[in-house]
Each structure stands twice: as structure tokens, then as C-alpha cells.
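Engineer: My structure is in structure.txt, and what it holds is compact mmCIF, C-alpha atoms and all ligand atoms:
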```txt
# COMPACT_ATOMS: atom_id res chain seq x y z
CA MET A 11 -62.90 -1.15 -17.93
CA PRO A 12 -63.72 2.53 -18.68
CA LEU A 13 -64.32 4.77 -15.70
CA GLN A 14 -66.33 7.96 -15.47
CA THR A 15 -64.22 9.97 -13.14
CA GLU A 16 -62.83 13.34 -12.18
CA GLY A 17 -59.34 14.68 -12.65
CA MET A 18 -57.60 17.86 -11.58
CA VAL A 19 -55.83 20.22 -13.94
CA VAL A 20 -52.19 20.57 -12.97
CA LYS A 21 -50.93 22.62 -15.89
CA ASN A 22 -52.35 23.92 -19.16
CA GLY A 23 -50.35 26.02 -21.55
CA ARG A 24 -49.39 26.79 -25.10
CA ILE A 25 -46.49 24.93 -26.72
CA LYS A 26 -46.58 26.93 -29.94
CA SER A 27 -49.17 28.66 -32.16
CA LEU A 28 -52.32 26.49 -32.05
CA TYR A 29 -50.81 23.72 -29.94
CA PHE A 30 -51.29 23.26 -26.19
CA ILE A 31 -50.40 20.80 -23.46
CA LEU A 32 -52.67 19.82 -20.58
CA TRP A 33 -51.55 17.93 -17.47
CA ILE A 34 -54.33 16.24 -15.49
CA TYR A 35 -53.94 14.42 -12.20
CA CYS A 36 -56.11 11.33 -12.61
CA PRO A 37 -54.48 8.23 -11.15
CA ALA A 38 -57.49 6.00 -11.86
CA ILE A 39 -57.07 6.38 -15.63
CA ALA A 40 -53.27 6.79 -15.58
CA ASN A 41 -53.05 3.33 -14.01
CA GLN A 42 -55.03 1.62 -16.74
CA ILE A 43 -54.57 3.37 -20.04
CA LYS A 44 -52.70 1.56 -22.81
CA PRO A 45 -51.11 2.88 -26.03
CA GLY A 46 -53.78 3.80 -28.58
CA GLN A 47 -56.61 4.15 -26.08
CA PHE A 48 -58.20 7.53 -25.48
CA VAL A 49 -60.30 9.56 -23.04
CA MET A 50 -63.45 11.62 -23.49
CA LEU A 51 -62.93 14.93 -21.74
CA LYS A 52 -65.53 17.48 -20.67
CA VAL A 53 -63.64 20.56 -21.77
CA ALA A 54 -65.59 23.17 -19.81
CA GLU A 55 -67.74 23.37 -16.68
CA ASP A 56 -70.72 24.99 -18.44
CA ARG A 57 -73.09 23.21 -20.81
CA ALA A 58 -71.43 24.20 -24.05
CA PRO A 59 -70.11 22.18 -25.62
CA LEU A 60 -72.41 19.49 -24.31
CA LEU A 61 -70.48 16.57 -25.72
CA ARG A 62 -67.16 15.47 -24.35
CA ARG A 63 -64.25 15.52 -26.78
CA PRO A 64 -61.96 12.56 -27.57
CA PHE A 65 -58.22 12.87 -26.86
CA SER A 66 -55.32 10.47 -26.97
CA VAL A 67 -53.04 10.43 -24.01
CA TYR A 68 -49.60 11.60 -24.99
CA LYS A 69 -47.94 10.41 -21.80
CA SER A 70 -49.30 8.70 -18.71
CA TYR A 71 -47.70 7.91 -15.38
CA PRO A 72 -49.23 5.06 -13.37
CA VAL A 73 -48.86 5.24 -9.59
CA ASP A 74 -45.87 2.87 -9.60
CA HIS A 75 -44.01 4.88 -12.29
CA PRO A 76 -40.28 5.34 -11.52
CA GLU A 77 -40.63 9.14 -11.88
CA LYS A 78 -42.30 9.61 -8.49
CA ARG A 79 -43.22 13.28 -8.94
CA LYS A 80 -45.27 12.51 -12.03
CA ARG A 81 -47.23 9.56 -10.67
CA GLY A 82 -50.93 9.72 -11.48
CA TYR A 83 -50.59 12.25 -14.29
CA LEU A 84 -52.05 12.15 -17.79
CA ILE A 85 -50.68 14.48 -20.43
CA ILE A 86 -52.79 15.52 -23.41
CA MET A 87 -51.35 17.50 -26.29
CA TYR A 88 -54.03 19.29 -28.27
CA LYS A 89 -54.63 21.60 -31.17
CA ARG A 90 -57.15 24.44 -30.94
CA VAL A 91 -59.49 23.77 -33.87
CA GLY A 92 -62.99 24.74 -32.74
CA LYS A 93 -65.20 25.80 -29.87
CA GLY A 94 -64.40 22.85 -27.58
CA THR A 95 -60.63 23.07 -27.84
CA GLN A 96 -60.90 26.87 -27.59
CA LYS A 97 -62.64 26.47 -24.20
CA MET A 98 -60.08 23.89 -23.19
CA THR A 99 -57.32 26.49 -23.41
CA ALA A 100 -58.99 28.31 -20.51
CA LEU A 101 -58.75 25.38 -18.06
CA LYS A 102 -56.86 26.53 -14.97
CA LYS A 103 -54.59 24.82 -12.46
CA GLY A 104 -56.67 23.24 -9.68
CA GLN A 105 -59.85 23.06 -11.77
CA LYS A 106 -61.76 19.76 -11.77
CA VAL A 107 -62.51 18.06 -15.10
CA GLU A 108 -64.75 15.11 -15.94
CA LEU A 109 -63.23 12.26 -17.92
CA ILE A 110 -64.30 8.89 -19.26
CA GLY A 111 -61.58 6.40 -20.03
CA PRO A 112 -59.66 4.45 -20.94
CA LEU A 113 -61.71 3.95 -24.12
CA GLY A 114 -61.17 1.94 -27.29
CA ASN A 115 -59.04 -1.06 -28.02
CA GLY A 116 -55.51 0.34 -28.33
CA PHE A 117 -52.65 -1.07 -30.36
CA THR A 118 -51.78 -4.76 -30.38
CA LEU A 119 -48.29 -4.79 -28.95
CA PRO A 120 -45.35 -7.14 -29.40
CA PRO A 121 -43.93 -8.86 -26.31
CA LEU A 122 -41.60 -6.73 -24.17
CA PRO A 123 -38.92 -5.73 -25.07
CA SER A 124 -39.66 -5.58 -28.77
CA SER A 125 -36.76 -6.45 -31.02
CA GLY A 126 -38.46 -6.10 -34.42
CA ASN A 127 -38.40 -3.26 -36.92
CA ASN A 128 -40.97 -0.80 -35.72
CA ILE A 129 -42.16 2.18 -37.68
CA LEU A 130 -44.38 5.02 -36.50
CA ILE A 131 -46.09 7.24 -39.06
CA GLY A 132 -47.90 10.28 -37.72
CA GLY A 133 -49.68 12.99 -39.66
CA GLY A 134 -50.46 16.23 -37.80
CA MET A 135 -51.77 15.54 -34.28
CA GLY A 136 -51.64 11.82 -35.09
CA ILE A 137 -48.06 11.60 -33.87
CA VAL A 138 -49.27 12.36 -30.34
CA SER A 139 -51.21 9.14 -30.00
CA LEU A 140 -48.18 7.15 -31.17
CA PHE A 141 -45.72 8.46 -28.59
CA SER A 142 -47.12 6.23 -25.84
CA LEU A 143 -45.95 3.21 -27.87
CA THR A 144 -42.32 4.05 -27.21
CA GLU A 145 -42.39 2.62 -23.70
CA THR A 146 -43.13 -0.81 -25.17
CA LEU A 147 -41.33 -0.58 -28.49
CA GLY A 148 -38.23 1.14 -27.09
CA GLY A 149 -36.61 4.05 -28.88
CA ARG A 150 -33.54 2.61 -30.52
CA ASN A 151 -35.10 0.29 -33.05
CA LEU A 152 -37.78 2.78 -33.94
CA SER A 153 -38.09 4.82 -37.13
CA VAL A 154 -40.48 7.72 -36.76
CA PHE A 155 -42.01 9.52 -39.73
CA ILE A 156 -43.65 12.82 -38.85
CA GLY A 157 -45.62 14.97 -41.25
CA GLY A 158 -47.55 18.21 -41.23
CA LYS A 159 -48.63 21.06 -43.47
CA THR A 160 -45.82 23.35 -42.34
CA ARG A 161 -42.93 23.36 -39.82
CA GLY A 162 -45.17 24.73 -37.06
CA ASP A 163 -47.27 21.55 -37.28
CA ILE A 164 -44.36 19.22 -36.58
CA LEU A 165 -44.60 17.94 -33.02
CA CYS A 166 -42.73 15.71 -30.57
CA VAL A 167 -39.43 15.60 -32.50
CA ASP A 168 -37.23 16.22 -29.44
CA ASP A 169 -39.08 13.62 -27.37
CA PHE A 170 -38.45 10.95 -29.99
CA LYS A 171 -34.84 12.04 -30.46
CA LYS A 172 -34.20 11.76 -26.71
CA LEU A 173 -35.07 8.07 -27.07
CA ASN A 174 -32.51 7.75 -29.88
CA SER A 175 -35.19 7.03 -32.45
CA LYS A 176 -34.53 7.79 -36.08
CA VAL A 177 -36.78 10.76 -36.93
CA LEU A 178 -37.69 11.73 -40.50
CA ILE A 179 -39.81 14.77 -41.29
CA ALA A 180 -41.97 15.91 -44.20
CA THR A 181 -43.90 19.14 -44.63
CA GLU A 182 -46.28 19.90 -47.46
CA ASP A 183 -44.71 23.34 -48.00
CA GLY A 184 -41.14 22.08 -47.62
CA SER A 185 -40.42 24.36 -44.64
CA LEU A 186 -38.95 21.42 -42.68
CA GLY A 187 -37.68 18.04 -43.88
CA ILE A 188 -38.63 16.89 -47.35
CA ARG A 189 -41.40 18.62 -49.28
CA GLY A 190 -44.44 16.35 -49.49
CA THR A 191 -46.63 14.25 -47.29
CA VAL A 192 -45.48 11.88 -44.61
CA VAL A 193 -46.63 9.00 -46.81
CA ASP A 194 -44.44 10.28 -49.67
CA LEU A 195 -41.57 10.38 -47.21
CA PHE A 196 -42.24 6.85 -46.01
CA PHE A 197 -42.26 5.46 -49.54
CA SER A 198 -39.13 7.40 -50.47
CA GLN A 199 -37.35 5.19 -47.92
CA ARG A 200 -38.52 1.98 -49.56
CA LYS A 201 -35.02 1.00 -50.72
CA ASN A 202 -33.91 0.77 -47.08
CA PHE A 203 -36.50 -1.87 -46.19
CA LYS A 204 -35.30 -5.45 -46.51
CA ARG A 205 -37.47 -8.07 -48.20
CA ASN A 206 -36.59 -10.81 -45.73
CA GLU A 207 -37.36 -8.79 -42.59
CA LYS A 208 -40.69 -8.07 -40.96
CA TYR A 209 -41.88 -4.55 -40.19
CA SER A 210 -44.62 -3.41 -37.84
CA VAL A 211 -46.13 -0.10 -38.82
CA TYR A 212 -48.24 1.96 -36.40
CA ALA A 213 -49.97 4.91 -38.05
CA CYS A 214 -52.25 7.72 -37.02
CA GLY A 215 -53.43 10.77 -38.89
CA PRO A 216 -56.14 12.20 -41.10
CA VAL A 217 -58.21 9.91 -43.32
CA GLY A 218 -56.43 11.07 -46.50
CA MET A 219 -53.06 10.08 -45.08
CA LEU A 220 -54.21 6.63 -43.99
CA LYS A 221 -55.94 6.07 -47.30
CA ALA A 222 -52.73 6.88 -49.19
CA LEU A 223 -50.79 4.56 -46.91
CA ALA A 224 -53.29 1.74 -47.39
CA LYS A 225 -53.03 2.03 -51.16
CA ASN A 226 -49.32 1.50 -51.02
CA VAL A 227 -48.52 -0.76 -48.07
CA THR A 228 -49.06 -3.93 -50.01
CA LEU A 229 -45.74 -5.51 -49.18
CA ARG A 230 -46.12 -8.89 -47.47
CA ASN A 231 -43.52 -8.22 -44.82
CA PHE A 232 -45.40 -5.18 -43.45
CA THR A 233 -48.22 -5.34 -40.92
CA CYS A 234 -49.93 -2.05 -40.37
CA GLN A 235 -52.20 -0.91 -37.55
CA ALA A 236 -53.88 2.44 -37.90
CA SER A 237 -55.61 4.60 -35.33
CA LEU A 238 -58.56 6.38 -36.93
CA GLU A 239 -59.78 9.89 -36.19
CA ALA A 240 -63.57 10.30 -36.24
CA ARG A 241 -66.03 12.78 -34.84
CA MET A 242 -67.53 11.21 -31.75
CA GLY A 243 -70.77 11.58 -29.84
CA CYS A 244 -70.61 9.28 -26.83
CA GLY A 245 -67.16 7.70 -27.18
CA PHE A 246 -68.22 4.33 -25.73
CA GLY A 247 -70.25 2.57 -28.40
CA ALA A 248 -73.81 3.72 -27.72
CA CYS A 249 -74.68 6.26 -30.43
CA TRP A 250 -73.17 4.70 -33.60
CA GLY A 251 -72.08 8.19 -34.65
CA CYS A 252 -68.54 7.17 -35.51
CA VAL A 253 -68.88 4.15 -37.80
CA VAL A 254 -66.36 3.16 -40.43
CA LYS A 255 -66.82 0.58 -43.17
CA THR A 256 -64.62 -2.48 -42.96
CA ASN A 257 -64.33 -5.70 -44.93
CA HIS A 258 -65.50 -7.86 -42.00
CA SER A 259 -68.23 -9.91 -43.64
CA LYS A 260 -70.57 -10.20 -40.61
CA THR A 261 -70.17 -6.68 -39.18
CA PRO A 262 -68.95 -4.39 -41.95
CA TYR A 263 -69.81 -1.21 -40.04
CA GLN A 264 -67.67 -0.86 -36.95
CA ARG A 265 -67.54 1.86 -34.33
CA VAL A 266 -64.30 3.77 -34.22
CA CYS A 267 -64.72 4.46 -30.50
CA LYS A 268 -65.52 0.92 -29.36
CA ASP A 269 -64.24 -1.49 -32.02
CA GLY A 270 -61.29 0.83 -32.74
CA PRO A 271 -59.85 3.40 -32.85
CA VAL A 272 -57.08 1.00 -33.90
CA PHE A 273 -57.82 -1.23 -36.90
CA ARG A 274 -55.70 -3.32 -39.23
CA LEU A 275 -55.18 -0.91 -42.09
CA GLU A 276 -56.10 -3.56 -44.66
CA ASP A 277 -59.50 -4.05 -42.98
CA ILE A 278 -60.76 -0.53 -43.70
CA VAL A 279 -62.87 0.13 -46.78
CA TRP A 280 -61.97 3.63 -47.96
CA GLU A 281 -64.84 5.32 -49.76
C1 LIG B 1 -59.50 8.78 -30.76
C2 LIG B 1 -59.20 10.24 -30.97
C3 LIG B 1 -58.08 10.79 -30.39
C4 LIG B 1 -57.80 12.16 -30.57
N1 LIG B 1 -56.69 12.67 -29.98
C5 LIG B 1 -56.42 13.98 -30.11
C6 LIG B 1 -55.27 14.54 -29.49
O1 LIG B 1 -54.49 13.85 -28.81
N2 LIG B 1 -55.08 15.87 -29.63
C7 LIG B 1 -55.92 16.67 -30.39
O2 LIG B 1 -55.69 17.87 -30.51
N3 LIG B 1 -57.00 16.16 -31.00
C8 LIG B 1 -57.27 14.84 -30.87
N4 LIG B 1 -58.39 14.33 -31.47
C9 LIG B 1 -59.27 15.25 -32.24
C10 LIG B 1 -60.13 16.05 -31.24
O3 LIG B 1 -61.05 15.19 -30.61
C11 LIG B 1 -60.88 17.16 -31.99
O4 LIG B 1 -59.96 18.06 -32.52
C12 LIG B 1 -61.81 17.87 -31.03
O5 LIG B 1 -62.87 17.04 -30.66
C13 LIG B 1 -62.35 19.14 -31.72
O6 LIG B 1 -63.27 19.73 -30.85
P1 LIG B 1 -63.72 21.24 -31.08
O7 LIG B 1 -64.97 21.44 -30.33
O8 LIG B 1 -62.57 22.16 -30.78
O9 LIG B 1 -63.94 21.31 -32.63
P2 LIG B 1 -65.34 21.40 -33.45
O10 LIG B 1 -65.85 22.83 -33.21
O11 LIG B 1 -66.21 20.29 -33.00
O12 LIG B 1 -64.79 21.20 -34.87
C14 LIG B 1 -63.80 22.08 -35.45
C15 LIG B 1 -63.16 21.42 -36.66
O13 LIG B 1 -62.42 20.23 -36.29
C16 LIG B 1 -62.91 19.09 -37.01
N5 LIG B 1 -62.93 17.94 -36.10
C17 LIG B 1 -63.57 17.88 -34.93
N6 LIG B 1 -63.42 16.65 -34.36
C18 LIG B 1 -62.65 15.94 -35.20
C19 LIG B 1 -62.14 14.60 -35.19
N7 LIG B 1 -62.39 13.74 -34.21
N8 LIG B 1 -61.37 14.21 -36.22
C20 LIG B 1 -61.12 15.04 -37.24
N9 LIG B 1 -61.59 16.31 -37.31
C21 LIG B 1 -62.34 16.76 -36.32
C22 LIG B 1 -64.30 19.47 -37.46
O14 LIG B 1 -64.68 18.78 -38.64
C23 LIG B 1 -64.18 20.95 -37.71
O15 LIG B 1 -63.62 21.21 -38.97
C24 LIG B 1 -58.69 12.97 -31.35
C25 LIG B 1 -59.81 12.41 -31.93
C26 LIG B 1 -60.07 11.05 -31.74
C27 LIG B 1 -61.28 10.45 -32.38
S1 LIG B 2 -69.11 7.86 -30.61
FE1 LIG B 2 -70.97 6.92 -29.97
S2 LIG B 2 -70.75 4.93 -30.85
FE2 LIG B 2 -68.84 5.84 -31.27
```
Written as C-alpha cells, that's how I'd like the structure from this file.

Structural biologist:
Amino acid sequence: MPLQTEGMVVKNGRIKSLYFILWIYCPAIANQIKPGQFVMLKVAEDRAPLLRRPFSVYKSYPVDHPEKRKRGYLIIMYKRVGKGTQKMTALKKGQKVELIGPLGNGFTLPPLPSSGNNILIGGGMGIVSLFSLTETLGGRNLSVFIGGKTRGDILCVDDFKKLNSKVLIATEDGSLGIRGTVVDLFFSQRKNFKRNEKYSVYACGPVGMLKALAKNVTLRNFTCQASLEARMGCGFGACWGCVVKTNHSKTPYQRVCKDGPVFRLEDIVWE
């Protein structure tokens, strides 16, 4: 059940170039949020921007988390792209922020602990929303494909490596990993996938990336869930500003914020 609540900024700082990390103390949401769900954050105290902005939660620590010092925290990793995220960089320790969450459906998860072949594919900031899956999927049986335009856009590599995940990287300019897109990288590994095994793919990234993935993931032994990025007004299903076309016969237009953001990749109609 989404809550409209208040959190307190604990830390906010730059990781590198346009990328920042924000720690918020908000036990009410930290206790509930599941992988793939998101929050709508009021990024500044004044009126502009009026609309809250959607963010995935990179890490969350419910109040019974074994790491006692982090209990109640939500961590958001964000990229400064426009006026809202610019204002967000000015949030200071101790400042109160308004949040709505957890929102959206989240990923459908296998039973714990997962023993299958799990693959994460993240383009740009998309990798951030996939990290929270590692608690359920474990790190060891996880292959992680990370892509970005250039090496400065490649995020979270050390966090995945700490979990002993296999990490593969692609950059469009070839400055790190293979030259190409993360989807090119994924398909270059095709020979390593076995016909008689099942693979669960969890993907998040820009529309172009997901579209390219959808065109090619036609293998029967792959199931693919994708978290969609869309511009959002309300974030909770009221404004219909975030619709996506699907092949559901009764309700072809679905709201990314409420019916998603996670969809079966094969259900999306790419236009
Ligand atoms: C479910 C969900 C989870 C997200 N999680 C994260 C996250 O963890 N970290 C993060 O940095 N960003 C995330 N985003 C994207 C983030 O919401 C936008 O970057 C942010 O709203 C931009 O606000 P702004 O005012 O700075 O940009 P604006 O001034 O509103 O726009 C600046 C530029 O960014 C583009 N843009 C704005 N919003 C989006 C969007 N939703 N999708 C694609 N392009 C957009 C605009 O087209 C424009 O080119 C997420 C989006 C969604 C829908
Ligand atoms: S953002 Fe309002 S319905 Fe999705």
C-alpha cells in the first residue's frame, strides 16, 4: 500500500560526473519496498518543480535488516538530467523530503533462494533499479550485463562484483568493455546459453534498448521482465500520463506507474 510520507536526508553527494547518491531515512517505505518498485520524490521545498519525480530504490534497509546502523534507510542513485535532478543535488543532510511509495508492481520473483540462471541487463541508469534484485536472486548465479554511452556511465560494477556476480560491460564508444550496446553484448554471449536450461532475464533501460532486446529474445527458454522508464505526472495511476501500448486484448493501454513499471517484455507493443 503506497504511503505519502516524509523522510530525512542523511547524505547526498556526487559519485562521479553527473551521478549522485542520496540517502534518505524513511523506515515506513524501507520496510515495504520490493525490487522494481519506485518512489515519487519531491525534489525541492519550493514549488518548482511542482511534480514529484520517479526514482527506483537502489538499496533499502528495513528495520529488521542485519546491518543495524543502516536500518530504515533508502538509497537512491540518480543522474542530473534536468531542472528537478539539478535541484535534488542541493538537498542537505537533515532536510525533510516528501515521498510517495512504494509504487508500481515490481518484479515477479522466484522462490528464495533462487537456483536458476538469472540475467540482469541494465542500460544507463537502468542498472540501478536491478541491483535490489540481488538480495533475492543471490550474486553467484547471476550474470550482469551493464551498458552505457561511455565508461563514465557505467555504474554499480563493484557492488555486483562484491557479490561474486559475473559482470560484462559494453560502451558505445568502446572506452570500457566491448564496443557496442548492452544488447549487442548480451547476444554476443548467445553461444554460452544452453538450449535445455531456463533463463530469467530482468532488464531495465531506455526504450531503444528494450526494443532491441524484445526483437531478439525469441528463444523459448528465456522469460524476460522489463522495467520501463516513462515520464510521469502523478505516479499512482490517476493522470494516465504514462501509458504504454501492450498486446492485452481488453486493456491495450496500460499505465507504466500503476500496471508496471515491470511488464513481460513480450507484452509491449513497440511503436
Ligand atoms: C520508474 C522509474 C524509475 C526511475 N529511477 C531512476 C533512478 O533510479 N535514477 C535516476 O537518475 N533516474 C531515474 N528515473 C528517471 C528520473 O525520474 C528522471 O531522470 C527525472 O524525473 C528527471 O527529472 P528532471 O526534472 O531532472 O528532468 P526534466 O527537466 O523533467 O527532463 C530532462 C530530460 O530528461 C528526460 N526525462 C525526464 N524524465 C524521464 C523519464 N522518466 N524517462 C526518460 N527520460 C526522462 C526528459 O525527456 C529530458 O530530456 C526513473 C524513472 C522512472 C519512470
Ligand atoms: S503517472 Fe499518472 S497515471 Fe501514471

Engineer: Between A:Gly243, A:Gly215, A:Pro76, A:Gly157, which one has atoms that come closest to Gly190 of chain A, using all atoms listed in the file?

Structural biologist: A:Gly157

Engineer: Neighbours of ligand LIG 2 (chain B) at 6 Å or closer, counting all atoms listed in the file: which residues, as a ChimeraX atom specification?

Structural biologist: /A:242-252,265-267

Engineer: Compare A:Ile43, A:Leu223, A:Ala38, A:Val91 by their minimum atom-to-atom distance to Val73 of chain A, counting all atoms listed in the file, and give me the closest one.

Structural biologist: A:Ala38

Engineer: Around the point (-36.2, 11.2, -37.0) (coordinates from the file), which residues reach within 8 Å if we count only C-alpha atoms? Answer as a count of residues only.

Structural biologist: 12

Engineer: Can you check which parts of chain A lie within 8 Å of ligand LIG 1 (chain B)? Per residue, the shortest pair of atoms and distance in Å to one decimal, counting all atoms listed in the file, sorted by chain and number, as JSON lines.

Structural biologist:
```
{"residue": "A:Tyr29", "atom": "CA", "partner": "B:LIG1", "partner_atom": "O2", "distance": 7.6}
{"residue": "A:Gly46", "atom": "CA", "partner": "B:LIG1", "partner_atom": "C1", "distance": 7.9}
{"residue": "A:Gln47", "atom": "CA", "partner": "B:LIG1", "partner_atom": "C1", "distance": 7.2}
{"residue": "A:Phe48", "atom": "CA", "partner": "B:LIG1", "partner_atom": "C1", "distance": 5.6}
{"residue": "A:Val49", "atom": "CA", "partner": "B:LIG1", "partner_atom": "C3", "distance": 7.8}
{"residue": "A:Pro59", "atom": "CA", "partner": "B:LIG1", "partner_atom": "O7", "distance": 7.0}
{"residue": "A:Arg62", "atom": "CA", "partner": "B:LIG1", "partner_atom": "O5", "distance": 7.8}
{"residue": "A:Arg63", "atom": "CA", "partner": "B:LIG1", "partner_atom": "O5", "distance": 4.4}
{"residue": "A:Pro64", "atom": "CA", "partner": "B:LIG1", "partner_atom": "O3", "distance": 4.1}
{"residue": "A:Phe65", "atom": "CA", "partner": "B:LIG1", "partner_atom": "N1", "distance": 3.5}
{"residue": "A:Ser66", "atom": "CA", "partner": "B:LIG1", "partner_atom": "O1", "distance": 3.9}
{"residue": "A:Val67", "atom": "CA", "partner": "B:LIG1", "partner_atom": "O1", "distance": 6.1}
{"residue": "A:Tyr68", "atom": "CA", "partner": "B:LIG1", "partner_atom": "O1", "distance": 6.6}
{"residue": "A:Ile86", "atom": "CA", "partner": "B:LIG1", "partner_atom": "O1", "distance": 5.9}
{"residue": "A:Met87", "atom": "CA", "partner": "B:LIG1", "partner_atom": "N2", "distance": 5.3}
{"residue": "A:Tyr88", "atom": "CA", "partner": "B:LIG1", "partner_atom": "O2", "distance": 3.1}
{"residue": "A:Lys89", "atom": "CA", "partner": "B:LIG1", "partner_atom": "O2", "distance": 3.9}
{"residue": "A:Arg90", "atom": "CA", "partner": "B:LIG1", "partner_atom": "O8", "distance": 5.9}
{"residue": "A:Val91", "atom": "CA", "partner": "B:LIG1", "partner_atom": "O8", "distance": 4.7}
{"residue": "A:Gly92", "atom": "CA", "partner": "B:LIG1", "partner_atom": "O8", "distance": 3.3}
{"residue": "A:Lys93", "atom": "CA", "partner": "B:LIG1", "partner_atom": "O7", "distance": 4.4}
{"residue": "A:Gly94", "atom": "CA", "partner": "B:LIG1", "partner_atom": "O7", "distance": 3.1}
{"residue": "A:Thr95", "atom": "CA", "partner": "B:LIG1", "partner_atom": "O8", "distance": 3.6}
{"residue": "A:Gln96", "atom": "CA", "partner": "B:LIG1", "partner_atom": "O8", "distance": 5.9}
{"residue": "A:Lys97", "atom": "CA", "partner": "B:LIG1", "partner_atom": "O8", "distance": 7.9}
{"residue": "A:Gly114", "atom": "CA", "partner": "B:LIG1", "partner_atom": "C1", "distance": 7.8}
{"residue": "A:Met135", "atom": "CA", "partner": "B:LIG1", "partner_atom": "N2", "distance": 5.7}
{"residue": "A:Gly136", "atom": "CA", "partner": "B:LIG1", "partner_atom": "O1", "distance": 7.2}
{"residue": "A:Val138", "atom": "CA", "partner": "B:LIG1", "partner_atom": "O1", "distance": 5.6}
{"residue": "A:Ser139", "atom": "CA", "partner": "B:LIG1", "partner_atom": "O1", "distance": 5.9}
{"residue": "A:Pro216", "atom": "CA", "partner": "B:LIG1", "partner_atom": "C20", "distance": 6.9}
{"residue": "A:Ser237", "atom": "CA", "partner": "B:LIG1", "partner_atom": "C1", "distance": 7.3}
{"residue": "A:Leu238", "atom": "CA", "partner": "B:LIG1", "partner_atom": "C27", "distance": 6.7}
{"residue": "A:Glu239", "atom": "CA", "partner": "B:LIG1", "partner_atom": "C27", "distance": 4.1}
{"residue": "A:Ala240", "atom": "CA", "partner": "B:LIG1", "partner_atom": "N7", "distance": 4.2}
{"residue": "A:Arg241", "atom": "CA", "partner": "B:LIG1", "partner_atom": "N7", "distance": 3.8}
{"residue": "A:Met242", "atom": "CA", "partner": "B:LIG1", "partner_atom": "N7", "distance": 6.2}
{"residue": "A:Val266", "atom": "CA", "partner": "B:LIG1", "partner_atom": "C27", "distance": 7.6}
{"residue": "A:Cys267", "atom": "CA", "partner": "B:LIG1", "partner_atom": "C1", "distance": 6.8}
{"residue": "A:Pro271", "atom": "CA", "partner": "B:LIG1", "partner_atom": "C1", "distance": 5.8}
```

Engineer: Write the selection just made, keeping C-alpha atoms, as a CSV table (one decimal), in the coordinates of the input?

Structural biologist:
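part.csv was written with the following content:
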```
chain,number,residue,atom,x,y,z
A,29,TYR,CA,-50.8,23.7,-29.9
A,46,GLY,CA,-53.8,3.8,-28.6
A,47,GLN,CA,-56.6,4.2,-26.1
A,48,PHE,CA,-58.2,7.5,-25.5
A,49,VAL,CA,-60.3,9.6,-23.0
A,59,PRO,CA,-70.1,22.2,-25.6
A,62,ARG,CA,-67.2,15.5,-24.4
A,63,ARG,CA,-64.2,15.5,-26.8
A,64,PRO,CA,-62.0,12.6,-27.6
A,65,PHE,CA,-58.2,12.9,-26.9
A,66,SER,CA,-55.3,10.5,-27.0
A,67,VAL,CA,-53.0,10.4,-24.0
A,68,TYR,CA,-49.6,11.6,-25.0
A,86,ILE,CA,-52.8,15.5,-23.4
A,87,MET,CA,-51.4,17.5,-26.3
A,88,TYR,CA,-54.0,19.3,-28.3
A,89,LYS,CA,-54.6,21.6,-31.2
A,90,ARG,CA,-57.2,24.4,-30.9
A,91,VAL,CA,-59.5,23.8,-33.9
A,92,GLY,CA,-63.0,24.7,-32.7
A,93,LYS,CA,-65.2,25.8,-29.9
A,94,GLY,CA,-64.4,22.8,-27.6
A,95,THR,CA,-60.6,23.1,-27.8
A,96,GLN,CA,-60.9,26.9,-27.6
A,97,LYS,CA,-62.6,26.5,-24.2
A,114,GLY,CA,-61.2,1.9,-27.3
A,135,MET,CA,-51.8,15.5,-34.3
A,136,GLY,CA,-51.6,11.8,-35.1
A,138,VAL,CA,-49.3,12.4,-30.3
A,139,SER,CA,-51.2,9.1,-30.0
A,216,PRO,CA,-56.1,12.2,-41.1
A,237,SER,CA,-55.6,4.6,-35.3
A,238,LEU,CA,-58.6,6.4,-36.9
A,239,GLU,CA,-59.8,9.9,-36.2
A,240,ALA,CA,-63.6,10.3,-36.2
A,241,ARG,CA,-66.0,12.8,-34.8
A,242,MET,CA,-67.5,11.2,-31.8
A,266,VAL,CA,-64.3,3.8,-34.2
A,267,CYS,CA,-64.7,4.5,-30.5
A,271,PRO,CA,-59.8,3.4,-32.8
```

Engineer: Between A:Gly133, A:Pro120, A:Gly17, A:Gly104, which one has atoms that come closest to Leu84 of chain A, using all atoms listed in the file?

Structural biologist: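 Closest to Leu84 of chain A of all the choices is A:Gly17.
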
Engineer: A:Lys106, A:Thr181, A:Tyr71, A:Gly116: which is nearest Asp269 of chain A, counting all atoms listed in the file?

Structural biologist: A:Gly116

Engineer: Please measure the separation of atom CA of Ile188 of chain A and atom CA of Met219 of chain A, giving the value in Å to one decimal.

Structural biologist: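 Result for atom CA of Ile188 of chain A versus atom CA of Met219 of chain A: 16.1 Å, one decimal.
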
Engineer: Between atom CA of Lys52 of chain A and atom CA of Leu13 of chain A, what is the spacing in Å?

Structural biologist: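 Between these atoms lies a distance of 13.7 Å.
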
Engineer: One number please: atom CA of Gly132 of chain A to atom CA of Gly218 of chain A, in Å, one decimal.

Structural biologist: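 Result for atom CA of Gly132 of chain A versus atom CA of Gly218 of chain A: 12.3 Å, one decimal.
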
Engineer: Looking at only C-alpha atoms, which of A:Val272, A:Ala180, A:Ser185, A:Tyr209 is the one that sits closest to Lys44 of chain A?

Structural biologist: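 Ranked by minimum distance to Lys44 of chain A, first place goes to A:Val272.
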
Engineer: Nearest to Phe197 of chain A among A:Gln14, A:Asn226, A:Asn41, A:Asn115, with distances taken over all atoms listed in the file: which residue is it?

Structural biologist: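 Nearest candidate to Phe197 of chain A out of A:Gln14, A:Asn226, A:Asn41, A:Asn115: A:Asn226.
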
Engineer: Within 10 Å of Thr256 of chain A, counting all atoms listed in the file, which residues show up once you throw out same-chain ones fewer than 6 positions away? Write them as a PyMOL selection string, please.

Structural biologist: chain A and resi 262-264+273-280

Engineer: When you look at Glu281 of chain A with a cut-off of 10 Å (counting all atoms listed in the file), what residues show up, excluding the ones that are within fewer than 4 positions of it in the same chain? I need them as a ChimeraX atom specification.

Structural biologist: /A:221,254-255
